[in-house]
>>> print(open('coords.cif').read())   # mmCIF, C-alpha atoms and all ligand atoms
data_target
#
loop_
_atom_site.label_atom_id
_atom_site.label_comp_id
_atom_site.auth_asym_id
_atom_site.auth_seq_id
_atom_site.Cartn_x
_atom_site.Cartn_y
_atom_site.Cartn_z
CA MET A 1377 -13.17 9.66 5.86
CA SER A 1378 -9.95 11.54 4.95
CA LYS A 1379 -6.82 9.51 4.13
CA PRO A 1380 -5.38 7.86 7.25
CA ILE A 1381 -1.98 8.76 8.64
CA LEU A 1382 0.47 5.90 8.28
CA ILE A 1383 3.17 5.58 10.96
CA GLY A 1384 6.03 3.15 10.32
CA ILE A 1385 7.98 1.65 13.22
CA THR A 1386 11.13 -0.28 12.39
CA GLY A 1387 14.36 -1.44 14.04
CA GLY A 1388 16.27 -4.68 14.53
CA THR A 1389 14.81 -7.82 16.02
CA GLY A 1390 14.32 -7.40 19.78
CA SER A 1391 14.65 -3.62 19.58
CA GLY A 1392 11.15 -3.16 20.97
CA LYS A 1393 9.17 -2.25 17.81
CA SER A 1394 6.12 -4.35 18.62
CA THR A 1395 6.08 -3.05 22.21
CA VAL A 1396 6.35 0.58 21.08
CA ALA A 1397 3.53 0.00 18.58
CA GLN A 1398 1.33 -1.55 21.33
CA GLU A 1399 2.06 1.29 23.75
CA ILE A 1400 1.06 3.95 21.17
CA TYR A 1401 -2.04 1.88 20.29
CA LYS A 1402 -3.07 1.72 23.96
CA GLY A 1403 -2.75 5.51 24.22
CA LEU A 1404 -5.57 6.13 21.73
CA PRO A 1405 -9.24 5.15 21.47
CA GLU A 1406 -9.65 1.82 19.66
CA GLU A 1407 -11.84 3.36 16.95
CA GLN A 1408 -9.02 5.67 15.84
CA ILE A 1409 -6.03 3.37 15.45
CA CYS A 1410 -4.95 -0.05 14.17
CA ILE A 1411 -1.67 -1.98 13.92
CA ILE A 1412 -0.40 -3.89 10.91
CA GLU A 1413 2.59 -6.15 11.63
CA GLN A 1414 4.94 -6.86 8.73
CA ASP A 1415 5.37 -10.33 10.33
CA SER A 1416 1.78 -11.12 9.36
CA TYR A 1417 2.87 -10.84 5.73
CA TYR A 1418 5.57 -13.52 5.68
CA LYS A 1419 5.02 -15.50 2.47
CA ASP A 1420 2.74 -18.50 2.63
CA GLN A 1421 5.07 -21.52 3.00
CA SER A 1422 2.46 -24.28 3.02
CA HIS A 1423 4.16 -26.01 0.07
CA LEU A 1424 7.33 -26.58 2.16
CA SER A 1425 7.99 -29.19 4.87
CA PHE A 1426 8.42 -28.05 8.48
CA GLU A 1427 12.19 -28.72 8.24
CA GLU A 1428 12.43 -26.54 5.10
CA ARG A 1429 10.43 -23.79 6.78
CA VAL A 1430 12.77 -23.84 9.80
CA LYS A 1431 15.75 -23.30 7.48
CA THR A 1432 14.19 -20.35 5.60
CA ASN A 1433 15.86 -16.93 5.78
CA TYR A 1434 13.16 -14.76 7.46
CA ASP A 1435 15.36 -11.67 7.61
CA HIS A 1436 15.64 -11.01 3.87
CA PRO A 1437 13.18 -8.67 2.09
CA ASP A 1438 12.19 -11.57 -0.22
CA ALA A 1439 10.69 -13.47 2.75
CA PHE A 1440 7.73 -11.10 2.77
CA ASP A 1441 4.64 -10.96 0.57
CA THR A 1442 5.14 -7.23 0.07
CA GLU A 1443 2.67 -7.14 -2.80
CA LEU A 1444 -0.13 -8.26 -0.48
CA LEU A 1445 1.00 -5.88 2.27
CA LEU A 1446 1.01 -2.94 -0.17
CA SER A 1447 -2.41 -3.81 -1.52
CA HIS A 1448 -3.79 -4.03 2.04
CA LEU A 1449 -2.26 -0.66 2.97
CA LYS A 1450 -3.84 0.86 -0.14
CA GLN A 1451 -7.22 -0.66 0.70
CA LEU A 1452 -7.09 0.72 4.26
CA SER A 1453 -6.04 4.08 2.82
CA ASP A 1454 -9.09 4.00 0.57
CA GLY A 1455 -11.35 3.37 3.56
CA LYS A 1456 -11.84 -0.36 2.91
CA SER A 1457 -11.42 -3.16 5.45
CA ILE A 1458 -8.88 -5.97 4.95
CA ASP A 1459 -8.50 -9.61 5.96
CA LYS A 1460 -5.10 -9.57 7.61
CA PRO A 1461 -3.17 -12.86 7.61
CA ILE A 1462 -2.30 -14.40 10.98
CA TYR A 1463 1.28 -15.66 11.38
CA ASP A 1464 2.21 -18.55 13.67
CA PHE A 1465 5.93 -18.48 14.60
CA GLY A 1466 5.61 -21.97 16.13
CA ILE A 1467 4.88 -23.56 12.73
CA HIS A 1468 6.78 -20.97 10.66
CA ASN A 1469 3.73 -20.26 8.53
CA ARG A 1470 0.47 -18.36 8.27
CA VAL A 1471 -2.61 -20.10 9.49
CA LYS A 1472 -5.79 -20.47 7.40
CA GLU A 1473 -7.76 -17.96 9.44
CA THR A 1474 -7.48 -14.21 8.88
CA ILE A 1475 -8.53 -11.25 10.96
CA LYS A 1476 -10.71 -8.41 9.71
CA VAL A 1477 -9.13 -4.98 10.16
CA GLU A 1478 -11.36 -1.95 9.67
CA PRO A 1479 -9.91 1.30 8.25
CA LYS A 1480 -8.87 3.77 10.96
CA ASP A 1481 -7.54 7.35 11.00
CA ILE A 1482 -4.16 6.18 12.29
CA ILE A 1483 -2.42 3.07 10.96
CA ILE A 1484 0.75 1.81 12.62
CA LEU A 1485 2.88 -0.45 10.44
CA GLU A 1486 5.68 -2.21 12.30
CA GLY A 1487 8.40 -4.58 11.17
CA ILE A 1488 12.12 -5.15 10.61
CA LEU A 1489 12.14 -4.33 6.90
CA ILE A 1490 9.40 -1.79 6.24
CA LEU A 1491 11.88 1.00 5.43
CA ALA A 1492 13.85 -1.31 3.14
CA GLU A 1493 10.94 -1.31 0.67
CA PRO A 1494 10.81 1.93 -1.37
CA GLU A 1495 7.09 1.51 -2.14
CA ILE A 1496 6.22 1.17 1.55
CA ARG A 1497 8.57 3.99 2.51
CA LYS A 1498 6.79 6.35 0.11
CA MET A 1499 3.45 5.67 1.80
CA LEU A 1500 4.62 6.43 5.36
CA ASP A 1501 3.85 9.83 6.91
CA ILE A 1502 6.03 9.31 10.00
CA LYS A 1503 9.02 6.94 10.09
CA ILE A 1504 10.39 5.74 13.43
CA PHE A 1505 13.51 3.63 14.01
CA VAL A 1506 13.75 1.91 17.38
CA ASP A 1507 17.47 1.79 18.11
CA THR A 1508 18.70 -0.74 20.65
CA ASP A 1509 22.21 -2.19 20.95
CA ALA A 1510 22.73 -5.62 19.43
CA ASP A 1511 23.72 -7.27 22.73
CA VAL A 1512 20.48 -6.14 24.36
CA ARG A 1513 18.46 -7.23 21.32
CA ILE A 1514 19.86 -10.76 21.27
CA VAL A 1515 19.27 -11.19 25.01
CA ARG A 1516 15.65 -10.03 24.61
CA ARG A 1517 15.19 -12.26 21.57
CA ILE A 1518 16.47 -15.35 23.40
CA GLN A 1519 14.03 -14.77 26.26
CA ARG A 1520 11.08 -13.96 24.00
CA ASP A 1521 11.62 -16.71 21.41
CA ILE A 1522 11.95 -19.41 24.09
CA LYS A 1523 8.87 -18.13 25.96
CA GLU A 1524 6.63 -17.15 23.05
CA ARG A 1525 7.90 -18.59 19.76
CA LYS A 1526 8.58 -22.25 20.69
CA ARG A 1527 12.37 -22.00 20.20
CA THR A 1528 15.36 -23.51 22.01
CA LEU A 1529 18.40 -21.54 23.17
CA ASP A 1530 20.61 -23.30 20.61
CA SER A 1531 18.21 -22.65 17.73
CA VAL A 1532 17.94 -18.92 18.53
CA ILE A 1533 21.74 -18.57 18.77
CA ASP A 1534 22.42 -20.57 15.56
CA GLN A 1535 19.83 -18.59 13.59
CA TYR A 1536 21.13 -15.29 14.97
CA ILE A 1537 24.76 -15.93 14.02
CA SER A 1538 24.11 -17.48 10.60
CA ILE A 1539 21.20 -15.36 9.34
CA VAL A 1540 19.72 -12.66 11.59
CA ARG A 1541 22.94 -10.74 12.30
CA PRO A 1542 24.29 -10.56 8.72
CA MET A 1543 20.84 -9.67 7.32
CA HIS A 1544 20.43 -6.98 9.99
CA LEU A 1545 23.73 -5.39 9.00
CA GLN A 1546 22.91 -5.60 5.29
CA PHE A 1547 19.22 -4.65 5.22
CA VAL A 1548 17.89 -3.27 8.52
CA GLU A 1549 20.60 -1.03 9.97
CA PRO A 1550 21.07 1.01 6.73
CA THR A 1551 17.39 2.03 6.82
CA LYS A 1552 17.99 4.13 9.94
CA ARG A 1553 18.92 6.95 7.57
CA TYR A 1554 15.30 7.15 6.39
CA ALA A 1555 13.90 7.65 9.91
CA ASP A 1556 12.30 10.92 11.03
CA ILE A 1557 12.56 9.90 14.68
CA ILE A 1558 14.91 7.51 16.49
CA ILE A 1559 13.69 5.97 19.74
CA PRO A 1560 16.46 4.48 21.88
CA GLU A 1561 15.86 1.23 23.81
CA GLY A 1562 12.29 0.56 22.75
CA GLY A 1563 9.17 -0.33 24.61
CA TYR A 1564 9.77 1.17 28.04
CA ASN A 1565 11.13 4.51 26.85
CA LYS A 1566 8.26 6.38 28.48
CA VAL A 1567 9.36 9.87 27.44
CA ALA A 1568 9.52 8.95 23.75
CA ILE A 1569 6.25 7.01 23.89
CA ASP A 1570 4.39 9.84 25.68
CA ILE A 1571 5.64 12.32 23.07
CA MET A 1572 4.51 10.01 20.25
CA ILE A 1573 1.09 9.49 21.83
CA ALA A 1574 0.61 13.25 22.22
CA LYS A 1575 1.54 13.80 18.55
CA VAL A 1576 -0.69 10.99 17.31
CA LYS A 1577 -3.61 12.26 19.42
CA GLU A 1578 -3.17 15.70 17.89
CA ILE A 1579 -3.23 14.21 14.37
CA ALA A 1580 -6.30 12.09 15.22
CA ALA A 1581 -8.16 15.11 16.64
CA SER A 1582 -7.50 17.19 13.52
CA LYS A 1583 -8.75 14.30 11.37
CA GLN A 1584 -11.94 13.97 13.42
CA ASN A 1585 -12.61 17.69 12.88
CA LYS A 1586 -12.25 17.23 9.11
CA ASN A 1587 -14.57 14.18 8.92
P1 LIG A 1601 10.64 -6.44 18.38
O1 LIG A 1601 9.22 -6.45 17.92
O2 LIG A 1601 11.41 -5.23 17.94
O3 LIG A 1601 11.37 -7.70 18.05
P2 LIG A 1601 9.53 -6.64 21.05
O4 LIG A 1601 8.69 -5.42 21.22
O5 LIG A 1601 8.87 -7.95 20.79
O6 LIG A 1601 10.68 -6.36 19.96
O7 LIG A 1601 10.47 -6.75 22.33
C1 LIG A 1601 11.30 -7.87 22.52
C2 LIG A 1601 11.27 -8.26 23.99
O8 LIG A 1601 11.89 -7.23 24.76
C3 LIG A 1601 9.86 -8.42 24.53
O9 LIG A 1601 9.87 -9.49 25.43
C4 LIG A 1601 9.58 -7.09 25.24
O10 LIG A 1601 8.69 -7.25 26.32
C5 LIG A 1601 10.97 -6.68 25.71
N1 LIG A 1601 11.17 -5.22 25.69
C6 LIG A 1601 10.72 -4.33 24.78
N2 LIG A 1601 11.14 -3.08 25.07
C7 LIG A 1601 11.89 -3.20 26.21
C8 LIG A 1601 12.62 -2.27 27.03
N3 LIG A 1601 12.69 -0.97 26.74
N4 LIG A 1601 13.27 -2.76 28.11
C9 LIG A 1601 13.24 -4.06 28.41
N5 LIG A 1601 12.57 -4.99 27.67
C10 LIG A 1601 11.92 -4.57 26.60
O1 LIG A 1602 9.47 -9.19 16.20
P1 LIG A 1602 10.73 -9.37 15.42
O2 LIG A 1602 11.24 -8.11 14.79
O3 LIG A 1602 11.82 -10.06 16.18
O4 LIG A 1602 10.30 -10.32 14.20
C1 LIG A 1602 11.16 -10.54 13.12
C2 LIG A 1602 12.08 -11.74 13.37
O5 LIG A 1602 11.30 -12.93 13.36
C3 LIG A 1602 13.13 -11.90 12.29
O6 LIG A 1602 14.39 -11.49 12.76
C4 LIG A 1602 13.10 -13.42 11.96
O7 LIG A 1602 14.35 -14.04 12.11
C5 LIG A 1602 12.13 -13.99 12.98
N1 LIG A 1602 11.33 -15.10 12.44
C6 LIG A 1602 11.57 -16.39 12.89
N2 LIG A 1602 10.83 -17.43 12.41
C7 LIG A 1602 9.86 -17.23 11.49
C8 LIG A 1602 9.60 -15.93 11.02
C9 LIG A 1602 10.36 -14.88 11.51
O8 LIG A 1602 12.46 -16.60 13.72
N3 LIG A 1602 9.16 -18.26 11.07
MG MG A 1603 8.02 -7.77 16.85
#
>>> encode(input="coords.cif", output="structure tokens", more="lines below")
Ligand code: ADP
Ligand code: C5P
Ligand code: MG
Amino acid sequence: MSKPILIGITGGTGSGKSTVAQEIYKGLPEEQICIIEQDSYYKDQSHLSFEERVKTNYDHPDAFDTELLLSHLKQLSDGKSIDKPIYDFGIHNRVKETIKVEPKDIIILEGILILAEPEIRKMLDIKIFVDTDADVRIVRRIQRDIKERKRTLDSVIDQYISIVRPMHLQFVEPTKRYADIIIPEGGYNKVAIDIMIAKVKEIAASKQNKN
């Protein structure tokens, strides 16, 4: 198998990164593409109490086990499978189980801080920044975190004002300059997603011909 193509999708929280990644994934046959979420690589926090884990800054580059993420990306690049950690937002920690991910021709890596890490940036063949206004992002985050991440309205707002917003301005927003492509509004931008799927299909077809 030739080296896979690595596509990075970044943007602020609630911008629609995970949705864009899923939409591209759904546009290709399962045997050609996989998704790696940077969220899966939050550091193991088992040594901390629940209260300490709640207070952790999850929007700083140091919150991630980037060493493990890099080694997994290298393994996939070398045609080896990985045991991807599974993250549970409800307990603010990874669970014991992992999920096996087989190497594929196309790897999508998505997360808030993937372009903030020079080592990861170097590995990416296509870099996408999903650009959505902050007011829309916070509204989406409130709805999603209450529905899917076991949060209360007050906790989402407190965390956003004290941590998420300042970290976004310091670490996420400046990485837009590294993007090859900027997708406005995120997951339901059908034109942008259709164009991406067509491009990724073209890359996948040329790889199949080489293999
Ligand atoms: P991210 O991974 O960047 O935080 P998600 O993909 O989880 O963002 O999207 C956050 C929420 O917004 C989800 O509930 C998702 O369904 C919704 N969403 C994503 N893209 C759009 C869009 N273009 N319009 C409206 N809602 C969207
Ligand atoms: O999908 P999204 O980009 O929103 O995921 C990243 C966000 O998840 C970060 O902004 C971080 O604040 C949040 N997070 C959280 N609790 C955790 C881990 C991450 O609220 N335990
Ligand atoms: Mg996400």
>>> residues_near_point(input="coords.cif", point="(-10.6, 3.5, 0.1)", cutoff="10 Å", atoms="all atoms listed in the file", output="ChimeraX atom specification")
/A:1377-1380,1449-1457,1479
>>> axis_aligned_box(input="coords.cif", around="ligand LIG 1601 (chain A)", padding_each_side="6 Å", output="JSON")
{"center_x": 11.0, "center_y": -5.2, "center_z": 23.2, "size_x": 16.6, "size_y": 20.5, "size_z": 22.5}
>>> residues_near_point(input="coords.cif", point="(3.0, 8.6, 5.3)", cutoff="7 Å", atoms="all atoms listed in the file", output="ChimeraX atom specification")
/A:1381-1383,1498-1502
>>> residues_near_ligand(input="coords.cif", ligand="ligand MG 1603 (chain A)", cutoff="10 Å", atoms="all atoms listed in the file", output="list in words")
Thr1386, Gly1387, Gly1388, Thr1389, Gly1390, Ser1391, Gly1392, Lys1393, Ser1394, Thr1395, Val1396, Ala1397, Glu1413, Gln1414, Asp1415, Glu1486, Gly1487, Ile1488, Arg1517 and Arg1520 of chain A
>>> atom_distance(input="coords.cif", atom1="CA of His1448 (chain A)", atom2="CA of Ile1467 (chain A)")
23.9 Å
>>> closest_atom_pairs(input="coords.cif", of="region 1423-1517 of chain A", to="region 1537-1558 of chain A", cutoff="7 Å", atoms="only C-alpha atoms", output="JSON lines")
{"residue": "A:Asn1433", "atom": "CA", "partner": "A:Ile1539", "partner_atom": "CA", "distance": 6.6}
{"residue": "A:Asp1435", "atom": "CA", "partner": "A:Met1543", "partner_atom": "CA", "distance": 5.8}
{"residue": "A:His1436", "atom": "CA", "partner": "A:Met1543", "partner_atom": "CA", "distance": 6.4}
{"residue": "A:Ile1488", "atom": "CA", "partner": "A:Val1548", "partner_atom": "CA", "distance": 6.4}
{"residue": "A:Leu1489", "atom": "CA", "partner": "A:Val1548", "partner_atom": "CA", "distance": 6.1}
{"residue": "A:Leu1491", "atom": "CA", "partner": "A:Thr1551", "partner_atom": "CA", "distance": 5.8}
{"residue": "A:Ala1492", "atom": "CA", "partner": "A:Thr1551", "partner_atom": "CA", "distance": 6.1}
{"residue": "A:Ile1502", "atom": "CA", "partner": "A:Asp1556", "partner_atom": "CA", "distance": 6.6}
{"residue": "A:Lys1503", "atom": "CA", "partner": "A:Ala1555", "partner_atom": "CA", "distance": 4.9}
{"residue": "A:Ile1504", "atom": "CA", "partner": "A:Ile1557", "partner_atom": "CA", "distance": 4.9}
{"residue": "A:Phe1505", "atom": "CA", "partner": "A:Ile1558", "partner_atom": "CA", "distance": 4.8}
{"residue": "A:Val1506", "atom": "CA", "partner": "A:Ile1558", "partner_atom": "CA", "distance": 5.8}
{"residue": "A:Asp1507", "atom": "CA", "partner": "A:Ile1558", "partner_atom": "CA", "distance": 6.5}
>>> atom_distance(input="coords.cif", atom1="CA of Asp1481 (chain A)", atom2="CA of Lys1577 (chain A)")
10.5 Å
>>> closest_residue(input="coords.cif", among="A:Arg1513, A:Lys1419, A:His1468, A:Lys1583", to="ligand LIG 1601 (chain A)", atoms="all atoms listed in the file")
A:Arg1513
>>> residues_around(input="coords.cif", residues="Ala1580 (chain A)", least_positions_apart="3", cutoff="10 Å", atoms="all atoms listed in the file", output="list in words")
Pro1380, Ile1381, Leu1404, Pro1405, Gln1408, Ile1409, Lys1480, Asp1481, Ile1482, Ala1574, Lys1575, Val1576, Lys1577, Lys1583, Gln1584, Asn1585 and Lys1586 of chain A
>>> atom_distance(input="coords.cif", atom1="CA of Gly1384 (chain A)", atom2="CA of Thr1432 (chain A)")
25.3 Å
>>> closest_residue(input="coords.cif", among="A:Glu1561, A:Asp1459, A:Asp1464, A:Glu1478", to="ligand LIG 1601 (chain A)", atoms="only C-alpha atoms and all ligand atoms")
A:Glu1561
>>> closest_residue(input="coords.cif", among="A:Ile1475, A:Leu1424, A:Ile1483, A:Ala1439", to="ligand LIG 1602 (chain A)", atoms="all atoms listed in the file")
A:Ala1439
>>> closest_residue(input="coords.cif", among="A:Asp1570, A:Tyr1434, A:Leu1444, A:Lys1526", to="ligand LIG 1602 (chain A)", atoms="only C-alpha atoms and all ligand atoms")
A:Tyr1434
>>> closest_residue(input="coords.cif", among="A:Ser1582, A:Gln1519, A:Ser1416, A:Gln1535", to="ligand LIG 1601 (chain A)", atoms="only C-alpha atoms and all ligand atoms")
A:Gln1519
>>> closest_residue(input="coords.cif", among="A:Glu1406, A:Glu1443, A:Asp1521, A:Glu1493", to="ligand LIG 1601 (chain A)", atoms="all atoms listed in the file")
A:Asp1521
>>> residues_around(input="coords.cif", residues="Glu1473 (chain A)", least_positions_apart="6", cutoff="10 Å", atoms="all atoms listed in the file", output="VMD selection string")
chain A and resid 1459 to 1463
>>> build_atoms(input="coords.cif", residues="region 1518-1529 of chain A", atoms="N, CA and C atoms", output="PDB file, in the coordinates of the input")
ATOM      1  N   ILE A1518      16.356 -14.005  22.806  1.00  0.00           N
ATOM      2  CA  ILE A1518      16.470 -15.350  23.400  1.00  0.00           C
ATOM      3  C   ILE A1518      15.304 -15.570  24.363  1.00  0.00           C
ATOM      4  N   GLN A1519      15.102 -14.606  25.270  1.00  0.00           N
ATOM      5  CA  GLN A1519      14.030 -14.770  26.260  1.00  0.00           C
ATOM      6  C   GLN A1519      12.655 -14.876  25.592  1.00  0.00           C
ATOM      7  N   ARG A1520      12.401 -13.969  24.651  1.00  0.00           N
ATOM      8  CA  ARG A1520      11.080 -13.960  24.000  1.00  0.00           C
ATOM      9  C   ARG A1520      10.848 -15.207  23.147  1.00  0.00           C
ATOM     10  N   ASP A1521      11.838 -15.587  22.330  1.00  0.00           N
ATOM     11  CA  ASP A1521      11.620 -16.710  21.410  1.00  0.00           C
ATOM     12  C   ASP A1521      11.441 -18.035  22.164  1.00  0.00           C
ATOM     13  N   ILE A1522      12.126 -18.182  23.304  1.00  0.00           N
ATOM     14  CA  ILE A1522      11.950 -19.410  24.090  1.00  0.00           C
ATOM     15  C   ILE A1522      10.552 -19.400  24.733  1.00  0.00           C
ATOM     16  N   LYS A1523      10.174 -18.225  25.272  1.00  0.00           N
ATOM     17  CA  LYS A1523       8.870 -18.130  25.960  1.00  0.00           C
ATOM     18  C   LYS A1523       7.693 -18.148  25.002  1.00  0.00           C
ATOM     19  N   GLU A1524       7.822 -17.413  23.872  1.00  0.00           N
ATOM     20  CA  GLU A1524       6.630 -17.150  23.050  1.00  0.00           C
ATOM     21  C   GLU A1524       6.664 -17.764  21.658  1.00  0.00           C
ATOM     22  N   ARG A1525       7.847 -18.161  21.164  1.00  0.00           N
ATOM     23  CA  ARG A1525       7.900 -18.590  19.760  1.00  0.00           C
ATOM     24  C   ARG A1525       8.368 -20.043  19.612  1.00  0.00           C
ATOM     25  N   LYS A1526       8.281 -20.805  20.712  1.00  0.00           N
ATOM     26  CA  LYS A1526       8.580 -22.250  20.690  1.00  0.00           C
ATOM     27  C   LYS A1526       9.984 -22.555  20.182  1.00  0.00           C
ATOM     28  N   ARG A1527      10.983 -21.788  20.641  1.00  0.00           N
ATOM     29  CA  ARG A1527      12.370 -22.000  20.200  1.00  0.00           C
ATOM     30  C   ARG A1527      13.213 -22.516  21.359  1.00  0.00           C
ATOM     31  N   THR A1528      14.393 -23.114  20.996  1.00  0.00           N
ATOM     32  CA  THR A1528      15.360 -23.510  22.010  1.00  0.00           C
ATOM     33  C   THR A1528      16.494 -22.484  22.010  1.00  0.00           C
ATOM     34  N   LEU A1529      17.275 -22.472  23.089  1.00  0.00           N
ATOM     35  CA  LEU A1529      18.400 -21.540  23.170  1.00  0.00           C
ATOM     36  C   LEU A1529      19.341 -21.748  21.989  1.00  0.00           C
TER      37      LEU A1529
END
